[in-house]
>>> print(open('start_37.tsv').read())   # TSV, C-alpha atoms
chain	number	residue	atom	x	y	z
A	1	MET	CA	0.00	0.00	0.00
A	2	LEU	CA	0.99	3.55	-0.54
A	3	LEU	CA	3.73	5.51	1.17
A	4	ILE	CA	4.69	8.92	-0.17
A	5	PHE	CA	8.23	10.09	0.38
A	6	LEU	CA	7.64	13.48	-1.17
A	7	HIS	CA	5.93	15.71	1.34
A	8	GLY	CA	2.78	17.53	0.35
A	9	SER	CA	0.56	19.65	2.54
A	10	LEU	CA	-2.29	18.58	4.79
A	11	VAL	CA	-5.59	20.37	4.55
A	12	SER	CA	-8.03	20.12	7.42
A	13	GLY	CA	-11.59	19.08	6.71
A	14	GLN	CA	-12.87	22.13	8.55
A	15	PRO	CA	-11.61	25.15	10.49
A	16	LYS	CA	-9.83	24.63	13.78
A	17	LYS	CA	-12.26	24.26	16.62
A	18	ILE	CA	-13.02	22.13	19.65
A	19	ILE	CA	-13.97	18.67	18.47
A	20	LYS	CA	-17.50	17.73	19.46
A	21	LYS	CA	-17.64	15.00	22.07
A	22	ASP	CA	-18.25	11.63	20.44
A	23	THR	CA	-21.38	10.03	21.85
A	24	ASP	CA	-21.89	7.45	19.10
A	25	PHE	CA	-20.17	4.67	21.02
A	26	THR	CA	-20.41	3.43	24.58
A	27	LEU	CA	-18.01	0.70	25.62
A	28	VAL	CA	-19.87	-2.38	26.86
A	29	SER	CA	-18.77	-5.60	28.51
A	30	PRO	CA	-17.53	-8.15	25.95
A	31	SER	CA	-19.64	-10.82	27.64
A	32	MET	CA	-22.79	-8.97	26.50
A	33	VAL	CA	-22.13	-10.12	22.93
A	34	GLY	CA	-20.55	-13.49	23.63
A	35	PHE	CA	-16.87	-12.62	24.02
A	36	ASP	CA	-14.55	-14.16	26.56
A	37	GLY	CA	-13.11	-11.04	28.18
A	38	SER	CA	-10.20	-12.94	29.73
A	39	ILE	CA	-8.84	-13.65	26.25
A	40	LEU	CA	-9.29	-10.08	25.05
A	41	ASN	CA	-7.51	-8.85	28.18
A	42	LYS	CA	-4.32	-10.54	26.94
A	43	ILE	CA	-4.16	-8.19	23.95
A	44	ASP	CA	-2.88	-5.20	25.92
A	45	THR	CA	0.15	-7.11	27.18
A	46	ALA	CA	0.90	-8.59	23.74
A	47	ILE	CA	0.93	-5.11	22.18
A	48	SER	CA	2.59	-3.28	25.06
A	49	ASN	CA	5.50	-5.72	25.19
A	50	GLY	CA	6.06	-5.56	21.43
A	51	THR	CA	4.91	-9.05	20.52
A	52	PHE	CA	2.60	-7.25	18.10
A	53	PRO	CA	4.82	-4.28	17.27
A	54	ASN	CA	3.88	-0.61	17.05
A	55	ILE	CA	0.10	-0.96	17.02
A	56	HIS	CA	-1.54	2.35	17.90
A	57	SER	CA	-5.20	1.44	18.29
A	58	LEU	CA	-7.54	-1.52	18.34
A	59	LEU	CA	-11.32	-1.27	18.29
A	60	ILE	CA	-13.74	-4.19	18.16
A	61	ALA	CA	-17.48	-3.91	17.57
A	62	LYS	CA	-19.83	-6.89	17.73
A	63	ASP	CA	-23.56	-6.72	17.02
A	64	GLY	CA	-23.21	-2.96	16.73
A	65	LYS	CA	-21.69	-2.61	20.22
A	66	LEU	CA	-18.18	-1.41	20.99
A	67	VAL	CA	-16.59	-4.10	23.18
A	68	TYR	CA	-12.89	-3.17	23.00
A	69	GLU	CA	-11.14	0.16	22.53
A	70	LYS	CA	-7.55	0.84	23.46
A	71	TYR	CA	-4.72	3.11	22.29
A	72	TRP	CA	-0.95	2.82	22.62
A	73	PRO	CA	1.93	5.27	22.08
A	74	GLY	CA	4.30	4.47	19.28
A	75	LYS	CA	6.50	5.64	16.46
A	76	ASP	CA	4.39	7.30	13.78
A	77	GLU	CA	4.40	9.40	10.64
A	78	VAL	CA	2.13	12.01	9.16
A	79	TRP	CA	2.09	11.31	5.43
A	80	ALA	CA	5.67	10.01	5.51
A	81	VAL	CA	7.01	12.75	7.81
A	82	ASN	CA	8.56	11.06	10.84
A	83	LYS	CA	6.97	12.32	14.07
A	84	GLY	CA	8.84	10.05	16.45
A	85	ILE	CA	7.04	8.33	19.31
A	86	ILE	CA	3.72	10.01	19.96
A	87	PRO	CA	0.66	9.22	22.09
A	88	HIS	CA	-2.62	8.13	20.52
A	89	SER	CA	-6.16	8.53	21.81
A	90	LYS	CA	-9.74	8.39	20.61
A	91	ASP	CA	-9.46	12.00	19.43
A	92	SER	CA	-6.22	11.48	17.48
A	93	LEU	CA	-6.20	11.68	13.71
A	94	HIS	CA	-4.16	8.91	12.11
A	95	ASP	CA	-2.86	8.25	8.61
A	96	ILE	CA	-5.15	5.68	7.04
A	97	ARG	CA	-3.14	5.53	3.80
A	98	SER	CA	-4.88	3.31	1.23
A	99	ILE	CA	-8.05	2.93	3.26
A	100	SER	CA	-8.63	6.28	1.54
A	101	LYS	CA	-9.39	4.26	-1.60
A	102	SER	CA	-12.43	2.64	0.01
A	103	ILE	CA	-13.74	6.09	0.99
A	104	VAL	CA	-13.43	7.20	-2.64
A	105	SER	CA	-15.35	4.09	-3.70
A	106	ALA	CA	-18.17	4.96	-1.28
A	107	CYS	CA	-18.31	8.46	-2.75
A	108	PHE	CA	-18.65	6.96	-6.20
A	109	GLY	CA	-21.69	4.97	-5.16
A	110	ILE	CA	-23.37	8.17	-4.02
A	111	LEU	CA	-22.37	9.92	-7.25
A	112	LEU	CA	-24.06	7.14	-9.21
A	113	GLN	CA	-27.21	7.44	-7.10
A	114	GLN	CA	-27.26	11.18	-7.84
A	115	ARG	CA	-27.17	10.30	-11.56
A	116	LYS	CA	-24.09	12.41	-12.06
A	117	ILE	CA	-22.80	9.39	-13.98
A	118	LYS	CA	-24.87	6.86	-15.91
A	119	SER	CA	-23.13	3.62	-14.95
A	120	VAL	CA	-19.78	2.09	-14.06
A	121	HIS	CA	-19.56	0.92	-17.67
A	122	GLN	CA	-19.09	4.43	-19.01
A	123	LYS	CA	-15.86	5.01	-20.92
A	124	ILE	CA	-13.52	7.23	-18.92
A	125	PHE	CA	-12.30	9.54	-21.69
A	126	GLY	CA	-15.73	11.13	-21.86
A	127	PHE	CA	-14.75	12.78	-18.56
A	128	PHE	CA	-11.32	13.88	-19.81
A	129	PRO	CA	-11.90	15.46	-23.24
A	130	GLU	CA	-8.62	17.37	-23.10
A	131	TYR	CA	-6.83	14.01	-23.32
A	132	SER	CA	-8.75	12.76	-26.34
A	133	LYS	CA	-5.46	11.95	-28.12
A	134	GLN	CA	-5.04	9.12	-25.59
A	135	ASP	CA	-8.46	7.70	-26.46
A	136	THR	CA	-7.14	5.11	-28.90
A	137	GLY	CA	-6.48	1.37	-29.11
A	138	LEU	CA	-6.96	-0.68	-25.97
A	139	LYS	CA	-7.00	2.48	-23.88
A	140	SER	CA	-10.26	3.57	-25.53
A	141	LEU	CA	-11.92	0.55	-23.87
A	142	LEU	CA	-11.23	1.81	-20.33
A	143	THR	CA	-14.34	2.13	-18.16
A	144	ILE	CA	-15.05	3.35	-14.65
A	145	GLU	CA	-15.36	-0.25	-13.49
A	146	HIS	CA	-11.84	-1.00	-14.68
A	147	LEU	CA	-10.62	1.82	-12.44
A	148	LEU	CA	-12.67	0.60	-9.48
A	149	THR	CA	-11.38	-2.97	-9.76
A	150	MET	CA	-7.77	-2.06	-10.62
A	151	THR	CA	-7.99	-3.98	-13.88
A	152	SER	CA	-7.13	-1.05	-16.15
A	153	GLY	CA	-4.40	-2.87	-18.06
A	154	LEU	CA	-2.21	0.23	-17.78
A	155	LYS	CA	1.52	-0.16	-17.32
A	156	TRP	CA	2.07	0.48	-13.62
A	157	ASN	CA	4.47	-0.72	-10.96
A	158	GLU	CA	3.81	-0.35	-7.25
A	159	ASP	CA	5.40	-3.71	-6.50
A	160	ILE	CA	8.82	-2.11	-5.97
A	161	PRO	CA	9.60	-0.09	-2.80
A	162	TYR	CA	8.20	3.41	-2.51
A	163	ASP	CA	11.68	4.87	-2.06
A	164	ASN	CA	12.53	3.63	-5.55
A	165	PRO	CA	12.14	6.49	-8.05
A	166	GLU	CA	10.86	3.99	-10.63
A	167	ASN	CA	7.78	3.28	-8.49
A	168	SER	CA	4.80	4.45	-10.54
A	169	GLU	CA	3.12	6.09	-7.56
A	170	ILE	CA	6.21	8.18	-6.85
A	171	ARG	CA	6.53	9.10	-10.51
A	172	MET	CA	2.90	10.21	-10.54
A	173	ILE	CA	3.47	12.43	-7.51
A	174	LYS	CA	6.60	13.99	-8.99
A	175	SER	CA	4.84	14.64	-12.30
A	176	GLY	CA	3.00	17.72	-11.04
A	177	ASN	CA	-0.13	16.54	-12.89
A	178	PRO	CA	-1.30	13.18	-11.52
A	179	VAL	CA	-4.30	12.80	-13.83
A	180	GLU	CA	-2.24	13.43	-16.93
A	181	TYR	CA	0.46	11.07	-15.73
A	182	VAL	CA	-1.99	8.19	-15.28
A	183	LEU	CA	-3.87	8.77	-18.54
A	184	THR	CA	-0.67	8.86	-20.59
A	185	GLN	CA	0.67	5.54	-19.37
A	186	PRO	CA	0.85	2.86	-22.07
A	187	MET	CA	-1.38	-0.18	-22.04
A	188	GLU	CA	0.03	-3.63	-21.23
A	189	VAL	CA	-3.04	-5.86	-21.48
A	190	LEU	CA	-6.72	-5.73	-22.36
A	191	PRO	CA	-8.72	-3.91	-19.63
A	192	GLY	CA	-10.62	-6.16	-17.23
A	193	GLN	CA	-8.28	-9.14	-17.51
A	194	VAL	CA	-5.50	-8.67	-14.97
A	195	TRP	CA	-5.52	-7.19	-11.47
A	196	LYS	CA	-2.63	-4.83	-10.77
A	197	TYR	CA	-2.40	-2.57	-7.75
A	198	ASN	CA	-2.64	0.99	-9.07
A	199	GLY	CA	-3.23	4.07	-6.93
A	200	GLY	CA	-3.41	6.11	-10.09
A	201	THR	CA	-6.79	4.63	-10.96
A	202	THR	CA	-8.15	5.92	-7.64
A	203	GLN	CA	-6.84	9.37	-8.54
A	204	LEU	CA	-8.85	9.21	-11.77
A	205	LEU	CA	-11.96	8.23	-9.83
A	206	ALA	CA	-11.57	11.30	-7.61
A	207	ALA	CA	-11.10	13.46	-10.70
A	208	ILE	CA	-14.33	12.10	-12.19
A	209	ILE	CA	-16.14	12.93	-8.93
A	210	GLU	CA	-14.84	16.49	-9.12
A	211	ARG	CA	-15.68	16.95	-12.78
A	212	THR	CA	-19.24	15.64	-12.47
A	213	SER	CA	-20.20	17.06	-9.07
A	214	GLY	CA	-18.21	20.29	-9.06
A	215	GLN	CA	-16.78	19.31	-5.67
A	216	LYS	CA	-13.32	18.20	-4.62
A	217	ILE	CA	-13.17	14.73	-3.12
A	218	THR	CA	-12.73	16.30	0.33
A	219	GLU	CA	-15.93	18.31	0.11
A	220	PHE	CA	-17.93	15.50	-1.47
A	221	ALA	CA	-16.85	13.03	1.22
A	222	ARG	CA	-17.50	15.58	3.96
A	223	LYS	CA	-21.01	16.39	2.77
A	224	TYR	CA	-22.31	12.94	1.94
A	225	ILE	CA	-20.36	10.57	4.20
A	226	PHE	CA	-18.46	12.29	6.99
A	227	ALA	CA	-21.12	14.74	8.20
A	228	PRO	CA	-23.91	12.11	8.28
A	229	LEU	CA	-21.59	9.79	10.21
A	230	GLY	CA	-20.78	12.53	12.73
A	231	ILE	CA	-17.18	12.82	11.54
A	232	THR	CA	-16.33	16.41	12.43
A	233	HIS	CA	-12.58	16.55	11.88
A	234	PHE	CA	-10.27	15.13	9.22
A	235	GLU	CA	-7.27	16.01	7.11
A	236	TRP	CA	-6.45	15.14	3.51
A	237	ALA	CA	-3.01	15.60	1.96
A	238	ILE	CA	-2.41	17.52	-1.26
A	239	TYR	CA	0.25	16.49	-3.76
A	240	PRO	CA	3.20	18.88	-3.68
A	241	GLY	CA	3.04	21.65	-6.26
A	242	THR	CA	-0.59	20.92	-7.16
A	243	LYS	CA	-4.12	21.52	-5.93
A	244	GLU	CA	-4.93	17.82	-6.17
A	245	TYR	CA	-5.83	15.80	-3.09
A	246	ALA	CA	-4.06	12.47	-2.70
A	247	ALA	CA	-7.19	10.41	-3.22
A	248	ALA	CA	-5.45	7.06	-2.95
A	249	SER	CA	-3.63	7.60	0.32
A	250	GLY	CA	-3.81	11.02	1.90
A	251	LEU	CA	-6.71	10.87	4.35
A	252	ARG	CA	-6.35	11.10	8.13
A	253	LEU	CA	-9.21	10.02	10.41
A	254	ARG	CA	-9.79	8.91	13.98
A	255	SER	CA	-10.02	5.21	14.74
A	256	ARG	CA	-13.63	5.66	15.84
A	257	ASP	CA	-14.40	7.19	12.47
A	258	LEU	CA	-12.90	4.15	10.74
A	259	LEU	CA	-15.18	2.02	12.91
A	260	LYS	CA	-18.19	4.05	11.77
A	261	PHE	CA	-17.24	3.44	8.16
A	262	GLY	CA	-16.85	-0.28	8.81
A	263	LEU	CA	-20.24	-0.45	10.51
A	264	LEU	CA	-21.78	1.47	7.63
A	265	TYR	CA	-20.70	-1.29	5.24
A	266	LEU	CA	-21.60	-4.03	7.71
A	267	ASN	CA	-25.13	-2.59	7.73
A	268	ASN	CA	-25.38	-2.37	3.94
A	269	GLY	CA	-24.95	1.40	3.79
A	270	VAL	CA	-27.34	2.30	6.61
A	271	TRP	CA	-26.42	4.60	9.49
A	272	ASN	CA	-28.92	5.68	12.17
A	273	ASN	CA	-31.76	4.26	10.07
A	274	LYS	CA	-30.74	6.33	7.04
A	275	GLN	CA	-29.46	4.87	3.79
A	276	LEU	CA	-26.25	6.84	3.22
A	277	ILE	CA	-24.76	4.60	0.54
A	278	PRO	CA	-27.04	2.70	-1.86
A	279	GLU	CA	-27.39	-0.92	-0.78
A	280	GLN	CA	-26.82	-2.12	-4.33
A	281	TRP	CA	-23.53	-0.22	-4.40
A	282	VAL	CA	-22.38	-1.78	-1.13
A	283	THR	CA	-23.21	-5.22	-2.48
A	284	ALA	CA	-21.36	-4.57	-5.73
A	285	SER	CA	-18.38	-3.03	-3.93
A	286	VAL	CA	-17.73	-6.08	-1.77
A	287	ALA	CA	-18.40	-8.66	-4.48
A	288	PRO	CA	-15.36	-10.51	-5.91
A	289	HIS	CA	-14.93	-8.85	-9.30
A	290	ILE	CA	-11.52	-10.36	-9.91
A	291	MET	CA	-9.54	-13.05	-8.09
A	292	ARG	CA	-6.05	-12.20	-6.88
A	293	ASN	CA	-5.19	-15.74	-5.79
A	294	HIS	CA	-7.00	-18.80	-4.40
A	295	SER	CA	-7.97	-17.07	-1.14
A	296	SER	CA	-8.39	-13.41	-2.01
A	297	ALA	CA	-10.25	-11.22	-4.46
A	298	TYR	CA	-10.86	-7.55	-5.15
A	299	GLY	CA	-14.08	-5.57	-5.37
A	300	TYR	CA	-14.59	-1.86	-5.91
A	301	GLN	CA	-11.53	-0.64	-3.94
A	302	PHE	CA	-12.22	-3.25	-1.23
A	303	TRP	CA	-10.23	-6.40	-0.51
A	304	LEU	CA	-11.87	-9.79	0.07
A	305	PHE	CA	-10.15	-12.54	2.04
A	306	ASN	CA	-11.05	-16.09	2.99
A	307	ASP	CA	-9.21	-16.98	6.19
A	308	THR	CA	-9.04	-20.12	8.29
A	309	ILE	CA	-8.72	-19.61	12.03
A	310	GLY	CA	-8.43	-22.90	13.86
A	311	ASP	CA	-11.46	-24.83	12.66
A	312	GLN	CA	-13.34	-21.65	11.72
A	313	THR	CA	-13.72	-20.05	8.32
A	314	ALA	CA	-13.89	-16.27	8.10
A	315	ASN	CA	-14.95	-14.44	4.95
A	316	LEU	CA	-13.60	-10.93	5.42
A	317	ILE	CA	-14.22	-7.63	3.69
A	318	ALA	CA	-11.19	-5.43	4.28
A	319	CYS	CA	-10.04	-1.86	3.85
A	320	VAL	CA	-6.25	-1.95	3.73
A	321	GLY	CA	-3.60	0.72	4.19
A	322	ASN	CA	0.19	0.72	4.34
A	323	GLY	CA	1.59	0.46	7.86
A	324	ASP	CA	-1.08	-2.06	8.97
A	325	GLN	CA	-4.07	0.24	8.84
A	326	ARG	CA	-7.05	-2.11	8.68
A	327	ILE	CA	-10.81	-2.34	8.81
A	328	PHE	CA	-11.97	-5.96	8.88
A	329	ILE	CA	-15.68	-6.60	8.34
A	330	ASP	CA	-17.10	-10.06	9.04
A	331	LYS	CA	-20.76	-9.87	8.06
A	332	ALA	CA	-21.61	-13.40	9.16
A	333	ARG	CA	-20.54	-12.61	12.73
A	334	LYS	CA	-21.63	-8.93	12.69
A	335	LEU	CA	-18.06	-8.07	13.60
A	336	VAL	CA	-15.92	-5.03	12.74
A	337	ILE	CA	-12.27	-4.73	13.74
A	338	VAL	CA	-10.22	-1.54	13.35
A	339	VAL	CA	-6.44	-1.38	13.70
A	340	THR	CA	-4.08	1.54	13.21
A	341	ALA	CA	-0.32	1.15	13.42
A	342	GLY	CA	2.99	2.70	12.46
A	343	ASN	CA	4.54	-0.16	10.49
A	344	TYR	CA	4.83	1.74	7.22
A	345	ASN	CA	6.65	-0.17	4.48
A	346	LEU	CA	7.45	-3.06	6.83
A	347	TRP	CA	6.00	-5.86	4.74
A	348	GLU	CA	7.56	-8.83	6.56
A	349	ILE	CA	5.99	-8.36	10.01
A	350	ARG	CA	4.17	-11.58	10.83
A	351	ASN	CA	2.44	-10.43	14.01
A	352	ASP	CA	0.24	-7.93	12.23
A	353	ALA	CA	-3.43	-6.97	12.50
A	354	ALA	CA	-4.60	-10.16	10.81
A	355	GLU	CA	-2.55	-12.35	13.15
A	356	LEU	CA	-3.86	-10.41	16.15
A	357	SER	CA	-7.38	-11.29	15.02
A	358	ARG	CA	-6.48	-14.94	14.55
A	359	LYS	CA	-4.73	-15.33	17.89
A	360	TYR	CA	-7.03	-13.37	20.19
A	361	ILE	CA	-10.20	-11.88	18.71
A	362	TYR	CA	-11.73	-14.90	16.98
A	363	PRO	CA	-10.78	-17.34	19.76
A	364	ALA	CA	-12.49	-15.01	22.24
A	365	MET	CA	-15.87	-15.36	20.52
A	366	LYS	CA	-17.60	-18.00	22.61
A	367	GLU	CA	-20.33	-18.57	20.06
A	368	ASP	CA	-17.81	-19.85	17.53
A	369	LYS	CA	-16.07	-22.37	19.79
>>> encode(input="start_37.tsv", output="structure tokens")
Amino acid sequence: MLLIFLHGSLVSGQPKKIIKKDTDFTLVSPSMVGFDGSILNKIDTAISNGTFPNIHSLLIAKDGKLVYEKYWPGKDEVWAVNKGIIPHSKDSLHDIRSISKSIVSACFGILLQQRKIKSVHQKIFGFFPEYSKQDTGLKSLLTIEHLLTMTSGLKWNEDIPYDNPENSEIRMIKSGNPVEYVLTQPMEVLPGQVWKYNGGTTQLLAAIIERTSGQKITEFARKYIFAPLGITHFEWAIYPGTKEYAAASGLRLRSRDLLKFGLLYLNNGVWNNKQLIPEQWVTASVAPHIMRNHSSAYGYQFWLFNDTIGDQTANLIACVGNGDQRIFIDKARKLVIVVTAGNYNLWEIRNDAAELSRKYIYPAMKEDK
């Protein structure tokens, strides 16, 4: 997932003010929803002693109730700027990196409902007439859905480290015009055939939102998702030398706000008895549009995993960000897990958010024993 080594600016979602007290969640006893609290109590020690390194927050909600919420100090960054060891709390904003992509996807579902676009099968160059010279060959087949599913067929390489200047994400940032950079990349394969991780496609999605709604991604998300969810404070990074928000990676939210987003998708787009995101869009977003391997697939900027935990099977919807930022949604168990951490670009850590779930959270659910 994305890490930007070039430093842009952070723009707050609203003017500085006292953050309204969050009354959306009340911590309840784990036993109320069938958890073994003695197992969950072991998590604090495992994180505090470094067995699970540099985790900053863990929140667990079951049956719509918050049963675990804890924060730890740790080494952190703000959009790749090292901040050293800092405290974290329920009011702290945190880099969510590529979880930003799932927020953009949610915005797109609302855009479709507003009929600002006709369908996900629309060709993308209709939104970028100034780049009509690129609308040729295989590239002319590109649709919105290809962007959503990261099956564009464009030449792109985010498989190499983000400190490598040949990384396509870094090259896009340095270009000074991210939309132009993505649209002018050559094609490698027919669109829709091969999944390739590509933050540039998310940038194009945000550009389409702006061009059809007249609103930047920050304002669109604030109006239609954040404000209805009671999210009153956020930041979103801007690419250096541009006025473009880093749609694929630049958002900073509180852990509780990530939990709200996870619960929104758990409940098929409903929050406080109001349909914020069309149910059909939620269903389409978390459907397996393309397989990545035998146990994972990709939807509309959402990851899908099949995991085995002991003798249990867990089908997980996931929002994933570099550094071990995670929202895990288990619809069958009405479970949402949120983790934030500071393990940016550390791909080999085995005791990560997923392992924490396997070792402690799932075993603690009495109903599944």
>>> closest_residue(input="start_37.tsv", among="A:Pro129, A:Gly137, A:Gly153, A:Pro73", to="Ile47 of chain A", atoms="only C-alpha atoms")
A:Pro73
>>> closest_atom_pairs(input="start_37.tsv", of="segment 132-153 of chain A", to="segment 182-189 of chain A", cutoff="12 Å", atoms="all atoms listed in the file", output="Markdown table")
| residue | atom | partner | partner_atom | distance |
| --- | --- | --- | --- | --- |
| A:Ser132 | CA | A:Leu183 | CA | 10.0 |
| A:Lys133 | CA | A:Thr184 | CA | 9.4 |
| A:Gln134 | CA | A:Thr184 | CA | 6.6 |
| A:Asp135 | CA | A:Leu183 | CA | 9.2 |
| A:Thr136 | CA | A:Met187 | CA | 10.4 |
| A:Gly137 | CA | A:Met187 | CA | 8.9 |
| A:Leu138 | CA | A:Met187 | CA | 6.8 |
| A:Lys139 | CA | A:Met187 | CA | 6.5 |
| A:Ser140 | CA | A:Met187 | CA | 10.3 |
| A:Leu141 | CA | A:Met187 | CA | 10.7 |
| A:Leu142 | CA | A:Met187 | CA | 10.2 |
| A:Leu147 | CA | A:Val182 | CA | 11.1 |
| A:Thr151 | CA | A:Val189 | CA | 9.3 |
| A:Ser152 | CA | A:Val189 | CA | 8.3 |
| A:Gly153 | CA | A:Val189 | CA | 4.7 |
>>> closest_residue(input="start_37.tsv", among="A:Thr149, A:Asn351, A:Gln203, A:Thr218", to="Pro288 of chain A", atoms="only C-alpha atoms")
A:Thr149
>>> closest_residue(input="start_37.tsv", among="A:Ser357, A:Asn198, A:Gln114, A:Thr313", to="Asn167 of chain A", atoms="only C-alpha atoms")
A:Asn198
>>> atom_distance(input="start_37.tsv", atom1="atom CA of Gly74 of chain A", atom2="atom CA of Ser48 of chain A")
9.8 Å
>>> residues_around(input="start_37.tsv", residues="Asn267 of chain A", least_positions_apart="2", cutoff="10 Å", atoms="all atoms listed in the file", output="JSON list (two decimals) with C-alpha atoms, in the frame of the given file")
[["chain", "number", "residue", "atom", "x", "y", "z"],
["A", 64, "GLY", "CA", -23.21, -2.96, 16.73],
["A", 261, "PHE", "CA", -17.24, 3.44, 8.16],
["A", 262, "GLY", "CA", -16.85, -0.28, 8.81],
["A", 263, "LEU", "CA", -20.24, -0.45, 10.51],
["A", 264, "LEU", "CA", -21.78, 1.47, 7.63],
["A", 265, "TYR", "CA", -20.70, -1.29, 5.24],
["A", 269, "GLY", "CA", -24.95, 1.40, 3.79],
["A", 270, "VAL", "CA", -27.34, 2.30, 6.61],
["A", 271, "TRP", "CA", -26.42, 4.60, 9.49],
["A", 273, "ASN", "CA", -31.76, 4.26, 10.07],
["A", 275, "GLN", "CA", -29.46, 4.87, 3.79],
["A", 279, "GLU", "CA", -27.39, -0.92, -0.78],
["A", 282, "VAL", "CA", -22.38, -1.78, -1.13],
["A", 331, "LYS", "CA", -20.76, -9.87, 8.06],
["A", 334, "LYS", "CA", -21.63, -8.93, 12.69]]
>>> atom_distance(input="start_37.tsv", atom1="atom CA of Pro240 of chain A", atom2="atom CA of Ser175 of chain A")
9.7 Å
>>> closest_residue(input="start_37.tsv", among="A:Leu154, A:Ile96, A:Ile290, A:Ile217", to="Ala80 of chain A", atoms="all atoms listed in the file")
A:Ile96
>>> residues_around(input="start_37.tsv", residues="segment 250-258 of chain A", least_positions_apart="3", cutoff="8 Å", atoms="only C-alpha atoms", output="count of residues only")
30
>>> closest_residue(input="start_37.tsv", among="A:Lys75, A:Arg222, A:Lys243, A:Lys123", to="Ile55 of chain A", atoms="all atoms listed in the file")
A:Lys75
>>> closest_residue(input="start_37.tsv", among="A:Lys196, A:Asn345, A:Ala221, A:Ala206", to="Asp163 of chain A", atoms="only C-alpha atoms")
A:Asn345
>>> axis_aligned_box(input="start_37.tsv", around="segment 166-170 of chain A", padding_each_side="6 Å", output="lines of an AutoDock Vina configuration file")
center_x = 7.0
center_y = 5.7
center_z = -8.7
size_x = 19.7
size_y = 16.9
size_z = 15.8
>>> atom_distance(input="start_37.tsv", atom1="atom CA of Asn306 of chain A", atom2="atom CA of Leu276 of chain A")
27.5 Å
>>> residues_near_point(input="start_37.tsv", point="(6.2, 11.8, 19.6)", cutoff="8 Å", atoms="only C-alpha atoms", output="PyMOL selection string")
chain A and resi 74-76+83-87
>>> residues_around(input="start_37.tsv", residues="Ile39 of chain A", least_positions_apart="4", cutoff="8 Å", atoms="only C-alpha atoms", output="ChimeraX atom specification")
/A:43,360-361,363-364
>>> decode(input="start_37.tsv", residues="segment 251-255 of chain A", atoms="all heavy atoms", output="PDB file, in the first residue's frame")
ATOM      1  N   LEU A 251      -5.715  10.535   3.334  1.00  0.00           N
ATOM      2  CA  LEU A 251      -6.707  10.871   4.354  1.00  0.00           C
ATOM      3  C   LEU A 251      -6.247  10.496   5.751  1.00  0.00           C
ATOM      4  O   LEU A 251      -5.598   9.470   5.958  1.00  0.00           O
ATOM      5  CB  LEU A 251      -8.022  10.153   4.029  1.00  0.00           C
ATOM      6  CG  LEU A 251      -9.242  10.435   4.905  1.00  0.00           C
ATOM      7  CD1 LEU A 251      -9.585  11.915   4.960  1.00  0.00           C
ATOM      8  CD2 LEU A 251     -10.441   9.626   4.394  1.00  0.00           C
ATOM      9  N   ARG A 252      -6.593  11.365   6.711  1.00  0.00           N
ATOM     10  CA  ARG A 252      -6.347  11.103   8.131  1.00  0.00           C
ATOM     11  C   ARG A 252      -7.675  11.184   8.885  1.00  0.00           C
ATOM     12  O   ARG A 252      -8.397  12.173   8.769  1.00  0.00           O
ATOM     13  CB  ARG A 252      -5.354  12.127   8.710  1.00  0.00           C
ATOM     14  CG  ARG A 252      -3.927  11.904   8.249  1.00  0.00           C
ATOM     15  CD  ARG A 252      -2.994  13.025   8.658  1.00  0.00           C
ATOM     16  NE  ARG A 252      -2.977  13.275  10.098  1.00  0.00           N
ATOM     17  CZ  ARG A 252      -2.319  12.535  11.007  1.00  0.00           C
ATOM     18  NH1 ARG A 252      -1.621  11.471  10.605  1.00  0.00           N
ATOM     19  NH2 ARG A 252      -2.345  12.850  12.276  1.00  0.00           N
ATOM     20  N   LEU A 253      -7.976  10.112   9.631  1.00  0.00           N
ATOM     21  CA  LEU A 253      -9.209  10.023  10.408  1.00  0.00           C
ATOM     22  C   LEU A 253      -8.910   9.470  11.791  1.00  0.00           C
ATOM     23  O   LEU A 253      -7.838   8.923  12.042  1.00  0.00           O
ATOM     24  CB  LEU A 253     -10.218   9.101   9.717  1.00  0.00           C
ATOM     25  CG  LEU A 253     -10.880   9.583   8.423  1.00  0.00           C
ATOM     26  CD1 LEU A 253     -11.658   8.445   7.785  1.00  0.00           C
ATOM     27  CD2 LEU A 253     -11.792  10.771   8.682  1.00  0.00           C
ATOM     28  N   ARG A 254      -9.882   9.580  12.677  1.00  0.00           N
ATOM     29  CA  ARG A 254      -9.790   8.913  13.976  1.00  0.00           C
ATOM     30  C   ARG A 254     -10.155   7.440  13.823  1.00  0.00           C
ATOM     31  O   ARG A 254     -10.869   7.050  12.912  1.00  0.00           O
ATOM     32  CB  ARG A 254     -10.739   9.560  14.987  1.00  0.00           C
ATOM     33  CG  ARG A 254     -10.533  11.027  15.237  1.00  0.00           C
ATOM     34  CD  ARG A 254     -11.546  11.549  16.256  1.00  0.00           C
ATOM     35  NE  ARG A 254     -12.884  11.049  15.924  1.00  0.00           N
ATOM     36  CZ  ARG A 254     -13.808  10.735  16.836  1.00  0.00           C
ATOM     37  NH1 ARG A 254     -13.549  10.848  18.118  1.00  0.00           N
ATOM     38  NH2 ARG A 254     -14.991  10.307  16.461  1.00  0.00           N
ATOM     39  N   SER A 255      -9.689   6.634  14.766  1.00  0.00           N
ATOM     40  CA  SER A 255     -10.017   5.208  14.744  1.00  0.00           C
ATOM     41  C   SER A 255     -11.520   4.989  14.877  1.00  0.00           C
ATOM     42  O   SER A 255     -12.085   4.093  14.233  1.00  0.00           O
ATOM     43  CB  SER A 255      -9.270   4.478  15.857  1.00  0.00           C
ATOM     44  OG  SER A 255      -7.876   4.597  15.684  1.00  0.00           O
TER      45      SER A 255
END
